[in-house]
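Scroll down for the structure; my scribbles are underneath it.
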Amino acid sequence: MIIGFDADDTLWHNEDGFQASQREFEALLAEWGDADTIEDRLFEIEMRNMPRYGYGVKAHTLSMIETAIAVSDGQANAALIAGIIDMGHALLDRPVELLDGVVEVLDELANLTLMLITKGDLYHQLARIDASGLKERFWQTEVVAHKDVATYRRVLGLHGVEPERFVMVGNSLPSDVLPVMALGGRAVHVPYHVTWSHEQHTGDHDAPVIESLSDLPALLTDWSIR
Ligand SMILES: [Mg+2]
């Protein structure tokens with residue numbers, strides 16, 4: 001069996017940084033709208049831009065700039081735009097902080113074949129994989145643009161992994177759980193304490209949900225995988 005791991009909000013913290021940055025962004029634009037208005041407008045612009053930019057901090061930064069121009073009706077000045085660019089740099093430069101228990105769990109599973117599959121900015125994610133100190137623990141690491149059924153089919157096919165022999169572990173139902181189950185693989189949902197609106201999903205699924213990655217080894221034992 002091959003065990004796949006998501007990275008953002010599964011192995012290391014990510015969304016909490018985006019949410020803190022969003023509060024800062026709302027404060028920066030407070031004279032042009034309340035926090036909910038700014039948040040809604042940013043989300044709408046990010047979703048509209050996603051086919052152009054994909055996921056990640058650089059896309060988010062460009063959408064913040066576009067939002068500032070839109071909500072201020074063109075009044076946002078260069079100093080304000082520079083402030084937004086600084087916020088993007090701060091997110092890119094944020095040190096990789098592993099979730100509690102990650103190293104211990106990977107130690108415990110060291111006799112299994114592990115993959116890391118993450119989406120987002122290629123350059124930023126490669127840098128985070130290096131900075132995490134975890135790279136050597138994975139048989140393969142893949143940075144992909146989307147995590148949909150076609151992507152999992154391609155990536156698993158590339159490495160000769162049958163979906164029936166694959167378990168994906170991650171915090172996102174639409175990105176980590178549902179597409180892998182649709183392919184005939186197994187998945188484990190490990191929710192993070194905050195979820196980006198775009199990754200929220202309320203549909204039915206029968207994947208097991210564990211509270212923390214530390215519960216994964218016991219689950220894999222129950223499944224006779226280890
Ligand atoms: Mg994730």
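We name chains A, B, ... following the order of the structure tokens; residues begin at 1 in each chain, and ligands are numbered from 1 as shown.
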Show which residues sit within 9 Å of His205 in chain A, as a ChimeraX atom specification. Count only C-alpha atoms, and ignore same-chain residues fewer than 3 positions away. /A:173,177-178,181,208
Let me see the file: selected residues, all heavy atoms, as a PDB file, in the first residue's frame.
```pdb
ATOM      1  N   LEU A 173     -11.896  17.848   2.065  1.00  0.00           N
ATOM      2  CA  LEU A 173     -12.790  16.864   1.427  1.00  0.00           C
ATOM      3  C   LEU A 173     -12.720  16.962  -0.098  1.00  0.00           C
ATOM      4  O   LEU A 173     -12.500  15.952  -0.765  1.00  0.00           O
ATOM      5  CB  LEU A 173     -14.226  17.038   1.926  1.00  0.00           C
ATOM      6  CG  LEU A 173     -14.493  16.493   3.326  1.00  0.00           C
ATOM      7  CD1 LEU A 173     -15.895  16.888   3.782  1.00  0.00           C
ATOM      8  CD2 LEU A 173     -14.331  14.979   3.362  1.00  0.00           C
ATOM      9  N   VAL A 177     -10.014  13.918  -0.309  1.00  0.00           N
ATOM     10  CA  VAL A 177     -10.846  12.751   0.012  1.00  0.00           C
ATOM     11  C   VAL A 177     -11.699  12.322  -1.178  1.00  0.00           C
ATOM     12  O   VAL A 177     -11.578  11.197  -1.679  1.00  0.00           O
ATOM     13  CB  VAL A 177     -11.747  13.059   1.243  1.00  0.00           C
ATOM     14  CG1 VAL A 177     -12.762  11.941   1.472  1.00  0.00           C
ATOM     15  CG2 VAL A 177     -10.882  13.279   2.483  1.00  0.00           C
ATOM     16  N   LEU A 178     -12.554  13.203  -1.654  1.00  0.00           N
ATOM     17  CA  LEU A 178     -13.558  12.798  -2.653  1.00  0.00           C
ATOM     18  C   LEU A 178     -12.952  12.333  -3.980  1.00  0.00           C
ATOM     19  O   LEU A 178     -13.368  11.293  -4.505  1.00  0.00           O
ATOM     20  CB  LEU A 178     -14.574  13.935  -2.863  1.00  0.00           C
ATOM     21  CG  LEU A 178     -15.309  14.357  -1.586  1.00  0.00           C
ATOM     22  CD1 LEU A 178     -16.225  15.544  -1.851  1.00  0.00           C
ATOM     23  CD2 LEU A 178     -16.106  13.193  -1.005  1.00  0.00           C
ATOM     24  N   MET A 181     -11.455   8.814  -3.590  1.00  0.00           N
ATOM     25  CA  MET A 181     -12.491   7.784  -3.441  1.00  0.00           C
ATOM     26  C   MET A 181     -13.194   7.536  -4.776  1.00  0.00           C
ATOM     27  O   MET A 181     -13.534   6.397  -5.111  1.00  0.00           O
ATOM     28  CB  MET A 181     -13.475   8.187  -2.351  1.00  0.00           C
ATOM     29  CG  MET A 181     -12.807   8.209  -0.978  1.00  0.00           C
ATOM     30  SD  MET A 181     -13.930   8.613   0.361  1.00  0.00           S
ATOM     31  CE  MET A 181     -14.702   7.032   0.616  1.00  0.00           C
ATOM     32  N   PRO A 208     -13.283   7.713   6.782  1.00  0.00           N
ATOM     33  CA  PRO A 208     -13.126   7.945   8.217  1.00  0.00           C
ATOM     34  C   PRO A 208     -12.567   9.340   8.489  1.00  0.00           C
ATOM     35  O   PRO A 208     -11.793   9.869   7.689  1.00  0.00           O
ATOM     36  CB  PRO A 208     -12.130   6.866   8.653  1.00  0.00           C
ATOM     37  CG  PRO A 208     -11.483   6.397   7.422  1.00  0.00           C
ATOM     38  CD  PRO A 208     -12.404   6.660   6.275  1.00  0.00           C
TER      39      PRO A 208
END
```
Enumerate residues in contact with ligand 1: an atom-to-atom distance of at most 12 Å, counting only C-alpha atoms and all ligand atoms. Format the result as a ChimeraX atom specification. /A:5-16,55-56,99,116-120,125,146-147,168-177,189-196,198-200
Mind the document's chain letters and residue numbers, and return as a ChimeraX atom specification the residues of chain A that DSSP labels helix (DSSP H, G or I). /A:15-28,30-32,35-53,57-71,78-93,102-108,122-132,135-137,149-158,163-165,173-182,197-199,213-222
Enumerate, as a list in words, the complete set of residues in range 96-138 of chain A that a backbone-based DSSP assignment places in strand (DSSP E or B). Leu98, Thr113, Leu114, Met115, Leu116, Ile117, Thr118 and Lys119 of chain A
Minimum-distance residue to Glu104 in chain A, chosen among A:Leu158, A:Leu134, A:Ile81, A:Ala145 (using only C-alpha atoms):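 Ranking A:Leu158, A:Leu134, A:Ile81, A:Ala145 by distance to Glu104 in chain A, first place goes to A:Leu134.
The space separating CA of Ser214 in chain A from CA of Val105 in chain A comes to 5.9 Å.
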Option closest in space to Tyr152 in chain A, from A:Phe166, A:Ser72, A:Thr113, A:Ile210 [counting only C-alpha atoms]: A:Phe166
May I have the residues within 12 Å of Ala150 in chain A as a PyMOL selection string, using only C-alpha atoms and disregarding those fewer than 6 positions away in the same chain? chain A and resi 144+156-157+175+179-180+182-183
Restrict the selected residues to N, CA and C atoms and save them as a short mmCIF file (atom, residue, chain, number, x, y, z; two decimals), in the first residue's frame.
```cif
data_model
loop_
_atom_site.label_atom_id
_atom_site.label_comp_id
_atom_site.auth_asym_id
_atom_site.auth_seq_id
_atom_site.Cartn_x
_atom_site.Cartn_y
_atom_site.Cartn_z
N VAL A 144 1.05 19.85 -7.64
CA VAL A 144 0.11 19.84 -8.76
C VAL A 144 -0.72 21.13 -8.75
N LEU A 156 -0.87 9.03 -9.98
CA LEU A 156 -0.74 7.63 -9.54
C LEU A 156 -0.25 6.78 -10.71
N GLY A 157 -0.77 7.06 -11.91
CA GLY A 157 -0.35 6.31 -13.10
C GLY A 157 1.12 6.50 -13.39
N SER A 175 -10.44 18.17 -2.08
CA SER A 175 -9.11 18.01 -2.70
C SER A 175 -8.42 16.69 -2.34
N PRO A 179 -11.97 13.05 -4.55
CA PRO A 179 -11.44 12.59 -5.85
C PRO A 179 -10.75 11.23 -5.76
N VAL A 180 -10.08 10.97 -4.64
CA VAL A 180 -9.37 9.69 -4.49
C VAL A 180 -10.38 8.56 -4.34
N ALA A 182 -13.37 8.59 -5.56
CA ALA A 182 -14.02 8.44 -6.86
C ALA A 182 -13.18 7.57 -7.79
N LEU A 183 -11.87 7.56 -7.58
CA LEU A 183 -10.97 6.75 -8.41
C LEU A 183 -10.90 5.30 -7.94
#
```
If you measure from CA of Ser224 in chain A to CA of Leu112 in chain A, what distance in Å do you get, rounded to one decimal?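 About the pair CA of Ser224 in chain A and CA of Leu112 in chain A: they are 12.3 Å apart.
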Pairwise distance, CA of Asp40 in chain A with CA of Glu24 in chain A, equals 14.9 Å
